[in-house]
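This report refers to the structure that appears directly beneath it.
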Amino acid sequence: MSEHSAHPALDAARLHCRSLEEALGRFRSHSLEQIADWGGRLADVLTGGGRLLAAGNGGSAAQAQHLTAELVGRYRQERRAYSALALHAETSSVTAIGNDYGFDHVYARQVTAHGRPGDVLMLLSTSGRSPNLIAAAVTARQAGLRVWALTGRGPNPLAEAAHEALCVDAGSTANVQETHLVAVHLLCECFDTAVSTPLARRTVLTHGSTS
């Protein structure tokens with residue numbers, strides 16, 4: 001009996017890890033500048049009194065809540081708390097809106113309630129095709145929020161509805177979610193670095209010297 005057929009579970013685990021390594025390699029090559037840019041701009045918004053709204057469905061909801069928890073709490077170093085809300089965690093609002101208006105509106109209506117011009121809406125989706133997230137993106141843009149999408153492979157409708165999107169090229173939903181977690185942590189890393197960097201220097205690093 002071959003080694004492959006004798007250890008199917010081990011073979012599956014190795015294949016999963018290899019696929020994840022490949023997805024992370026592509027993410028590292030193509031997405032780090034965008035994450036760093038988002039971290040710096042998010043720092044500008046939140047230190048200026050703005051707010052981050054975040055949402056997702058299923059596993060992506062957990063990722064969105066992970067992000068807001070790191071901002072309201074802390075990522076690594078001690079710092080002040082910043083305003084960040086995970087819209088799916090508002091369970092009474094979600095169930096009331098879903099019951100009265102339909103599930104496609106559970107995030108859009110909350111964006112109308114909580115979002116202000118200049119705030120950031122972060123939407124996470126492995127497929128990029130969730131109607132409730134697309135509706136939230138459209139509503140947010142109309143309300144003057146900046147919409148960022150973290151999705152699986154593009155192109156997809158959510159990426160097109162957002163102002164900016166980071167589309168993860170991975171072979172499975174699990175690998176997309178795992179890469180999204182890395183993206184969330186790196187966004188927090190870049191945010192904290194930007195917050196601790198004097199504003200004048202941060203502006204030069206983000207936008208380049210005007211001289």
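Going through the structure tokens in order, the chains are called A, B, and so on, while each chain numbers its residues from 1 and the ligands are numbered from 1 in the order shown.
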
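Scanning stretch 95-200 of chain A with DSSP on the backbone, the strand (DSSP E) assignments fall on Val120, Leu121, Met122, Leu123, Leu124, Ser125, Arg146, Val147, Trp148, Ala149, Leu150, Thr151, Glu164, Ala165, Leu166 and Cys167 of chain A.
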
Written selection (all heavy atoms) as a compact mmCIF listing (two decimals), in the first residue's frame:
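Everything below was put into result-v8.txt:
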# COMPACT_ATOMS: atom_id res chain seq x y z
N VAL A 120 -15.21 54.96 7.46
CA VAL A 120 -14.81 53.84 6.61
C VAL A 120 -15.72 52.65 6.88
O VAL A 120 -16.02 52.32 8.04
CB VAL A 120 -13.35 53.43 6.87
CG1 VAL A 120 -12.99 52.17 6.09
CG2 VAL A 120 -12.40 54.56 6.49
N LEU A 121 -16.19 52.02 5.81
CA LEU A 121 -16.93 50.76 5.91
C LEU A 121 -16.07 49.65 5.32
O LEU A 121 -15.71 49.70 4.14
CB LEU A 121 -18.25 50.86 5.14
CG LEU A 121 -19.06 49.55 5.06
CD1 LEU A 121 -19.54 49.11 6.44
CD2 LEU A 121 -20.25 49.71 4.10
N MET A 122 -15.73 48.67 6.14
CA MET A 122 -14.95 47.51 5.70
C MET A 122 -15.89 46.31 5.58
O MET A 122 -16.55 45.92 6.55
CB MET A 122 -13.84 47.19 6.69
CG MET A 122 -13.08 45.90 6.40
SD MET A 122 -12.01 46.01 4.97
CE MET A 122 -10.55 46.74 5.73
N LEU A 123 -15.95 45.73 4.39
CA LEU A 123 -16.83 44.60 4.12
C LEU A 123 -15.99 43.38 3.74
O LEU A 123 -15.16 43.47 2.84
CB LEU A 123 -17.80 44.94 3.00
CG LEU A 123 -18.72 46.14 3.29
CD1 LEU A 123 -19.48 46.54 2.04
CD2 LEU A 123 -19.68 45.82 4.43
N LEU A 124 -16.22 42.27 4.43
CA LEU A 124 -15.44 41.06 4.20
C LEU A 124 -16.33 39.96 3.63
O LEU A 124 -17.42 39.70 4.16
CB LEU A 124 -14.81 40.56 5.51
CG LEU A 124 -13.74 41.46 6.13
CD1 LEU A 124 -14.36 42.50 7.05
CD2 LEU A 124 -12.74 40.63 6.93
N SER A 125 -15.88 39.32 2.56
CA SER A 125 -16.66 38.27 1.93
C SER A 125 -15.73 37.36 1.14
O SER A 125 -14.91 37.84 0.35
CB SER A 125 -17.70 38.88 0.98
OG SER A 125 -18.35 37.88 0.21
N ARG A 146 -16.26 55.91 2.97
CA ARG A 146 -15.28 55.25 2.12
C ARG A 146 -15.47 53.76 2.29
O ARG A 146 -15.50 53.26 3.43
CB ARG A 146 -13.86 55.65 2.52
CG ARG A 146 -12.81 55.28 1.48
CD ARG A 146 -12.90 56.17 0.26
NE ARG A 146 -11.98 55.75 -0.79
CZ ARG A 146 -11.97 56.28 -2.00
NH1 ARG A 146 -12.82 57.24 -2.30
NH2 ARG A 146 -11.11 55.86 -2.91
N VAL A 147 -15.61 53.02 1.20
CA VAL A 147 -15.92 51.59 1.26
C VAL A 147 -14.73 50.78 0.79
O VAL A 147 -14.25 50.93 -0.34
CB VAL A 147 -17.16 51.25 0.39
CG1 VAL A 147 -17.48 49.76 0.50
CG2 VAL A 147 -18.35 52.09 0.82
N TRP A 148 -14.24 49.90 1.68
CA TRP A 148 -13.17 48.97 1.36
C TRP A 148 -13.72 47.55 1.44
O TRP A 148 -14.45 47.21 2.37
CB TRP A 148 -12.01 49.11 2.35
CG TRP A 148 -11.34 50.45 2.33
CD1 TRP A 148 -11.38 51.39 1.35
CD2 TRP A 148 -10.50 50.98 3.36
NE1 TRP A 148 -10.63 52.48 1.70
CE2 TRP A 148 -10.08 52.26 2.93
CE3 TRP A 148 -10.06 50.52 4.60
CZ2 TRP A 148 -9.25 53.08 3.69
CZ3 TRP A 148 -9.24 51.33 5.37
CH2 TRP A 148 -8.82 52.59 4.91
N ALA A 149 -13.35 46.73 0.48
CA ALA A 149 -13.80 45.34 0.46
C ALA A 149 -12.60 44.40 0.53
O ALA A 149 -11.60 44.61 -0.15
CB ALA A 149 -14.61 45.05 -0.80
N LEU A 150 -12.73 43.38 1.35
CA LEU A 150 -11.74 42.32 1.47
C LEU A 150 -12.44 41.05 1.03
O LEU A 150 -13.34 40.55 1.73
CB LEU A 150 -11.25 42.23 2.92
CG LEU A 150 -10.05 41.34 3.23
CD1 LEU A 150 -8.83 41.75 2.42
CD2 LEU A 150 -9.73 41.40 4.72
N THR A 151 -12.08 40.53 -0.16
CA THR A 151 -12.85 39.45 -0.76
C THR A 151 -11.95 38.30 -1.20
O THR A 151 -10.73 38.35 -1.05
CB THR A 151 -13.63 39.94 -2.00
OG1 THR A 151 -12.74 40.10 -3.11
CG2 THR A 151 -14.35 41.26 -1.72
N GLU A 164 -12.50 50.62 -3.07
CA GLU A 164 -11.25 49.88 -3.22
C GLU A 164 -11.46 48.46 -2.70
O GLU A 164 -12.23 48.24 -1.76
CB GLU A 164 -10.13 50.55 -2.42
CG GLU A 164 -9.83 51.98 -2.83
CD GLU A 164 -8.89 52.65 -1.85
OE1 GLU A 164 -7.80 52.10 -1.62
OE2 GLU A 164 -9.27 53.71 -1.31
N ALA A 165 -10.76 47.53 -3.30
CA ALA A 165 -10.90 46.13 -2.89
C ALA A 165 -9.55 45.44 -2.88
O ALA A 165 -8.68 45.74 -3.71
CB ALA A 165 -11.85 45.39 -3.81
N LEU A 166 -9.40 44.54 -1.93
CA LEU A 166 -8.25 43.65 -1.88
C LEU A 166 -8.81 42.25 -2.09
O LEU A 166 -9.52 41.73 -1.23
CB LEU A 166 -7.52 43.78 -0.54
CG LEU A 166 -6.11 43.19 -0.46
CD1 LEU A 166 -5.38 43.76 0.74
CD2 LEU A 166 -6.16 41.67 -0.36
N CYS A 167 -8.53 41.68 -3.25
CA CYS A 167 -9.08 40.38 -3.63
C CYS A 167 -8.01 39.30 -3.44
O CYS A 167 -6.96 39.36 -4.09
CB CYS A 167 -9.57 40.40 -5.07
SG CYS A 167 -10.85 41.63 -5.41

Neighbouring residues of A:Leu24 were defined as those with any atom within 10 Å, considering only C-alpha atoms; residues of the same chain fewer than 6 positions away were excluded. Please report them as a short mmCIF file (atom, residue, chain, number, x, y, z; two decimals) with N, CA, C and O atoms, in the first residue's frame.
data_model
loop_
_atom_site.label_atom_id
_atom_site.label_comp_id
_atom_site.auth_asym_id
_atom_site.auth_seq_id
_atom_site.Cartn_x
_atom_site.Cartn_y
_atom_site.Cartn_z
N ARG A 18 0.01 23.65 1.86
CA ARG A 18 0.70 24.08 0.65
C ARG A 18 -0.13 25.13 -0.10
O ARG A 18 0.41 26.13 -0.58
N HIS A 30 1.62 41.02 -3.75
CA HIS A 30 0.74 41.96 -4.44
C HIS A 30 -0.10 42.87 -3.54
O HIS A 30 -0.66 43.85 -4.05
N SER A 31 -0.18 42.60 -2.24
CA SER A 31 -1.18 43.30 -1.42
C SER A 31 -0.63 44.09 -0.24
O SER A 31 -1.38 44.81 0.41
N VAL A 168 -8.29 38.35 -2.60
CA VAL A 168 -7.33 37.28 -2.28
C VAL A 168 -7.46 36.15 -3.28
O VAL A 168 -8.54 35.59 -3.47
N ASP A 169 -6.36 35.81 -3.92
CA ASP A 169 -6.31 34.71 -4.88
C ASP A 169 -5.94 33.44 -4.14
O ASP A 169 -4.77 33.20 -3.84
N ALA A 170 -6.94 32.65 -3.79
CA ALA A 170 -6.71 31.41 -3.05
C ALA A 170 -7.63 30.33 -3.60
O ALA A 170 -8.68 30.62 -4.17
N ASN A 175 -8.84 28.88 2.68
CA ASN A 175 -7.60 29.62 2.45
C ASN A 175 -7.85 31.11 2.31
O ASN A 175 -7.03 31.93 2.74
N VAL A 176 -8.97 31.49 1.72
CA VAL A 176 -9.33 32.92 1.65
C VAL A 176 -9.51 33.47 3.05
O VAL A 176 -8.97 34.53 3.40
N GLU A 178 -8.34 32.34 5.89
CA GLU A 178 -7.07 32.35 6.61
C GLU A 178 -6.21 33.53 6.16
O GLU A 178 -5.56 34.19 6.99
N THR A 179 -6.21 33.83 4.89
CA THR A 179 -5.46 34.97 4.39
C THR A 179 -6.10 36.27 4.84
O THR A 179 -5.41 37.25 5.15
N HIS A 180 -7.44 36.30 4.93
CA HIS A 180 -8.12 37.48 5.45
C HIS A 180 -7.70 37.77 6.89
O HIS A 180 -7.56 38.94 7.27
N VAL A 182 -4.80 37.14 8.22
CA VAL A 182 -3.49 37.77 8.12
C VAL A 182 -3.65 39.24 7.71
O VAL A 182 -3.01 40.14 8.28
N ALA A 183 -4.54 39.50 6.76
CA ALA A 183 -4.79 40.88 6.32
C ALA A 183 -5.31 41.74 7.46
O ALA A 183 -4.90 42.90 7.61
#

Query raised in the report: Quick one: of A:Pro198, A:Gly50, A:Gly171, A:Pro131, who's nearest to A:Phe103, counting only C-alpha atoms?
Result: A:Pro131

Query raised in the report: So which bits of stretch 2-175 of chain A end up alpha helix (DSSP H) when you DSSP the backbone, as an MDAnalysis selection string?
Result: chainID A and resid 3:6 8:30 32:47 59:72 91:101 108:114 131:142 157:161 173:175

I want to know what sits within 6 Å of A:Gly40, based on only C-alpha atoms, with residues of the same chain fewer than 3 positions away left out; could you give that as a JSON list (two decimals) with N, CA, C and O atoms, in the first residue's frame?
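Contents of the output file selection_1.json:
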[["chain", "number", "residue", "atom", "x", "y", "z"],
["A", 37, "ASP", "N", -1.27, 51.18, 3.07],
["A", 37, "ASP", "CA", -1.99, 52.40, 2.72],
["A", 37, "ASP", "C", -3.29, 52.50, 3.50],
["A", 37, "ASP", "O", -3.63, 53.55, 4.06],
["A", 43, "ALA", "N", -5.91, 55.31, 10.16],
["A", 43, "ALA", "CA", -5.39, 56.09, 11.30],
["A", 43, "ALA", "C", -5.82, 57.55, 11.19],
["A", 43, "ALA", "O", -6.22, 58.17, 12.18],
["A", 191, "PHE", "N", -1.98, 50.19, 11.13],
["A", 191, "PHE", "CA", -2.72, 51.23, 11.83],
["A", 191, "PHE", "C", -1.96, 51.70, 13.06],
["A", 191, "PHE", "O", -1.77, 52.91, 13.27],
["A", 194, "ALA", "N", 1.06, 53.70, 12.14],
["A", 194, "ALA", "CA", 0.71, 55.04, 11.67],
["A", 194, "ALA", "C", 0.29, 55.94, 12.83],
["A", 194, "ALA", "O", 0.66, 57.12, 12.87]]

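Shortest separation to A:Leu53 among A:Asp119, A:Glu189, A:Glu70, A:Glu160 occurs at residue A:Asp119, atoms counted being only C-alpha atoms.
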
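Note that atom CA of A:Pro157 and atom CA of A:Ser19 are 24.8 Å apart.
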
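Residues lying within 12 Å of A:Leu15, counting only C-alpha atoms and ignoring same-chain neighbours fewer than 6 positions away, are His4, Pro8, Ala9, Glu21, Glu22, Gly171, Ser172 and Asn175 of chain A.
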
Query raised in the report: Within 8 Å of A:Ser127, counting only C-alpha atoms, which residues qualify if same-chain residues fewer than 3 places away don't, as a ChimeraX atom specification?
Result: /A:130,151-153,156

Go ahead and write the residues just picked, C-alpha atoms, as an mmCIF file, in the first residue's frame.
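The result, stored in part-v3.cif:
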data_model
loop_
_atom_site.group_PDB
_atom_site.id
_atom_site.type_symbol
_atom_site.label_atom_id
_atom_site.label_comp_id
_atom_site.auth_asym_id
_atom_site.auth_seq_id
_atom_site.Cartn_x
_atom_site.Cartn_y
_atom_site.Cartn_z
ATOM 1 C CA SER A 130 -23.411 38.594 -0.747
ATOM 2 C CA THR A 151 -12.854 39.449 -0.759
ATOM 3 C CA GLY A 152 -11.868 36.241 -2.470
ATOM 4 C CA ARG A 153 -10.871 36.112 -6.106
ATOM 5 C CA ASN A 156 -16.660 40.107 -8.129
#

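Of the residues listed (A:Ala84, A:Gln63, A:Gln77, A:Cys17), A:Ala84 shows the shortest atom-to-atom separation from A:Gly49; distances use only C-alpha atoms.
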
Report summary line: note - atom CA of A:Arg51 and atom CA of A:Ala81 are separated by 11.3 Å

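Take atom CA of A:Gly39 and atom CA of A:Ala86: the distance between them is 17.7 Å.
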